[in-house]
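As structure tokens, the structure follows; a few thoughts come after it.
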Amino acid sequence: MTNASEYAKKVQENIHQGNSHETEFLQAIDEFVPTIIPFLENHPEYQEKNILSLVTEPERVIQFRVPWMDDQGDWQVNRGYRIQFNSALGPYKGGLRFHPSVNLSVLKFLAFEQIFKNALTGLPIGGGKGGSDFDPKGKSDGEVMRFCQSFMTELAKYIGPNTDIPAGDIGVGKREIGYMFGMYKRIKQYDAGVMTGKPLEFWGSQGRKEATGYGAVYFAKHLLADLGETLENKKAIVSGSGNVAIYCIEKLYQLGATPVTCSDSNGFIYDEAGIDLELLKELKEVHRERLTEYIKARPSAQYVEGSVWNLDVEVEVAFPCATQNEIQIDSAKRLVKNGVRIVAEGANMPSSLEAADYFVASGVYYCPGKAANAGGVAVSALEMSQNSQRLQWETEEVDQKLDGIMKHIYETCRDTAIAHDAKDNFMLGANIAGFAKVAQAMAIQGLV
Ligand code: GLU
């Protein structure tokens with residue numbers, strides 16, 4: 001048998017050859033594979049069974065046409081996808097993203113990350129992801145509804161409460177979930193558990209909307225507690241202004257920190273006194289406005305065009321909550337120069353591979369998305385439990401469970417890193433711990 005490192009390299013090369021145009025997917029692979037070599041060295045049985053090759057190949061990829069009519073009566077078409085990547089630990093679980101940047105590569109990276117993220121939660125869910133290159137921005141409510149209905153007309157053939165349970169992601173919130181759920185119900189039968197992130201008005205879970213942002217802050221809280229510190233009086237950079245960013249900001253305030261930024265795809269707000277959360281919610285959740293509106297109501301703040309990661313201010317904690325690859329190496333260097341100690345990712349793969357490696361090498365506590373942003377999918381799994389019970393739990397109960405799950409994920413990453421002589425390397429810890437669970441289940445289930 002070749003040694004673990006040669007084996008991993010060979011598998012990685014094969015993946016590159018077979019998926020050569022899928023930049024984001026290959027990035028996720030290149031981040032993942034080298035980190036699990038120490039685990040493979042101790043577990044030759046998984047190398048014998050070639051689990052690494054199996055786990056990097058999706059079980060199923062579904063691509064379909066989504067035809068819909070716009071408000072002018074013109075016929076439009078978008079591309080829809082569902083990646084059913086791995087079901088070793090449970091039914092496929094993961095969100096749907098509607099954004100013009102969506103393509104096969106982006107969804108395969110997201111679904112791949114989701115496998116290990118879901119494994120880390122300790123809950124019985126496999127990994128999947130889906131979406132479309134449809135852009136809900138600037139569309140009327142009627143257009144969004146017709147698109148969602150058409151999307152679900154096709155997707156309904158492949159999902160179900162015991163097979164594949166989609167939820168939201170970028171561009172898919174409770175409005176879109178509502179329309180898709182309605183269409184599923186019309187085509188199939190009433191099955192509350194087929195989607196999560198449902199509105200509270202029917203079968204949704206308390207705390208789901210807040211879960212990803214709160215979860216990322218809880219992760220940082222548990223890490224700081226280990227260092228004998230809290231978030232109290234710490235200044236934070238937050239990127240994004242969607243669901244994840246808004247509730248990350250909310251939880252930061254609750255724990256005594258001061259988030260000074262938020263951003264959208266055009267620019268960012270720098271509000272030295274701290275982001276006005278109520279104003280942000282009003283703009284984004286009620287009126288779906290751009291961030292340029294923020295400074296009209298709060299002239300003391302600044303709106304700056306470009307990336308928030310160009311901001312040159314001293315800061316201890318950073319929460320990238322926007323999208324993949326928002327932090328490139330230059331920004332990582334700037335953050336380190338400005339004293340950042342913790343980078344906790346609310347988004348999926350917001351740091352480029354070079355940036356992530358730089359954080360780790362610089363001694364920054366780098367908390368990768370697949371660990372730090374697992375709170376959203378964790379509460380989705382709790383929503384599934386509530387739907388099965390036909391009960392809705394109280395907010396406090398969900399929140400306590402979320403905090404407990406994030407503590408468990410943090411400790412798993414910490415302890416797994418220590419066990420592999422890589423103290424504080426949470427990237428390695430998260431990858432090995434997630435892989436170990438999935439590989440074990442795959443080996444037990446045989447060659448399927
Ligand atoms: N889209 C979220 C994520 O990236 C949540 C998925 C879910 O709730 O199923 O984890």
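Identifiers in this document derive from the order of the structure tokens: chains are assigned A, B, ..., residues are numbered from 1 separately in each chain, and ligands are numbered from 1 in order of occurrence.
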
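Every protein or nucleic acid residue with an atom no more than 9 Å from segment 300-302 of chain A, counting only C-alpha atoms and leaving out same-chain residues fewer than 5 positions away, appears here: Phe268, Ile269, Tyr270, Asp271, Glu272, Ala273, Ile275, Tyr294 and Ile295 of chain A.
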
Members of segment 51-132 of chain A assigned helix (DSSP H, G or I) by DSSP, as an MDAnalysis selection string: chainID A and resid 51:55 104:121

Cut-off 9 Å, only C-alpha atoms and all ligand atoms, neighbours of ligand 1 as a ChimeraX atom specification: /A:92-97,110-111,113-114,117-118,127-129,165-170,172,195-197,208,212,346-348,369-370,373-381

Looking only at the backbone, which of the residues in segment 142-272 of chain A does DSSP tag as strand (DSSP E or B), as a PDB file with C-alpha atoms, in the first residue's frame?
ATOM      1  CA  GLY A 160     -38.984  14.182   0.330  1.00  0.00           C
ATOM      2  CA  ASP A 164     -33.677  15.114   0.633  1.00  0.00           C
ATOM      3  CA  ILE A 165     -34.694  18.201   2.614  1.00  0.00           C
ATOM      4  CA  PRO A 166     -33.793  21.569   1.050  1.00  0.00           C
ATOM      5  CA  ALA A 167     -33.750  24.882   2.925  1.00  0.00           C
ATOM      6  CA  ASP A 169     -29.308  30.019   1.352  1.00  0.00           C
ATOM      7  CA  VAL A 172     -33.788  32.084  -0.676  1.00  0.00           C
ATOM      8  CA  LYS A 235     -14.669  45.531  18.051  1.00  0.00           C
ATOM      9  CA  ALA A 236     -15.869  43.335  15.194  1.00  0.00           C
ATOM     10  CA  ILE A 237     -15.898  43.550  11.412  1.00  0.00           C
ATOM     11  CA  VAL A 238     -18.911  41.831   9.904  1.00  0.00           C
ATOM     12  CA  THR A 258     -19.353  46.328  18.903  1.00  0.00           C
ATOM     13  CA  PRO A 259     -19.881  45.384  15.255  1.00  0.00           C
ATOM     14  CA  THR A 261     -19.453  47.231   9.596  1.00  0.00           C
ATOM     15  CA  CYS A 262     -21.833  45.483   7.241  1.00  0.00           C
ATOM     16  CA  SER A 263     -21.697  45.233   3.458  1.00  0.00           C
ATOM     17  CA  GLY A 267     -19.828  48.600  -0.870  1.00  0.00           C
ATOM     18  CA  PHE A 268     -19.897  48.710   2.912  1.00  0.00           C
ATOM     19  CA  ILE A 269     -21.007  50.752   5.877  1.00  0.00           C
ATOM     20  CA  TYR A 270     -18.454  51.780   8.469  1.00  0.00           C
TER      21      TYR A 270
END

Given only C-alpha atoms as the counted atoms, nearest of A:Ala355, A:Leu54, A:Ile159, A:Cys367 to Gly130 of chain A: A:Ile159

Nearest to Phe98 of chain A, chosen from A:Glu316, A:Glu176, A:Glu383, A:Glu41, with only C-alpha atoms counted in the distances: A:Glu176

Å distance separating atom CA of Val364 of chain A from atom CA of Leu252 of chain A, one decimal place: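 Atom CA of Leu252 of chain A lies at a distance of 19.4 Å from atom CA of Val364 of chain A.
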
Of the listed residues A:Leu104, A:Asp403, A:Ile115, A:Ser20, that which approaches Phe435 of chain A most closely, counting only C-alpha atoms: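 Using only C-alpha atoms, the shortest distance to Phe435 of chain A belongs to A:Ile115.
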
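Using only C-alpha atoms, the residues found no farther than 10 Å from Gly171 of chain A, other than those of its own chain fewer than 6 positions away, are Leu96, Arg97, Phe98, His99, Pro100, Gly131, Ser132, Phe134, Asp135, Pro136, Lys137 and Gly242 of chain A.
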
Using only C-alpha atoms: which of A:Ser388, A:Ser87, A:Gln254, A:Asn243 has the shortest distance to Leu231 of chain A: A:Gln254
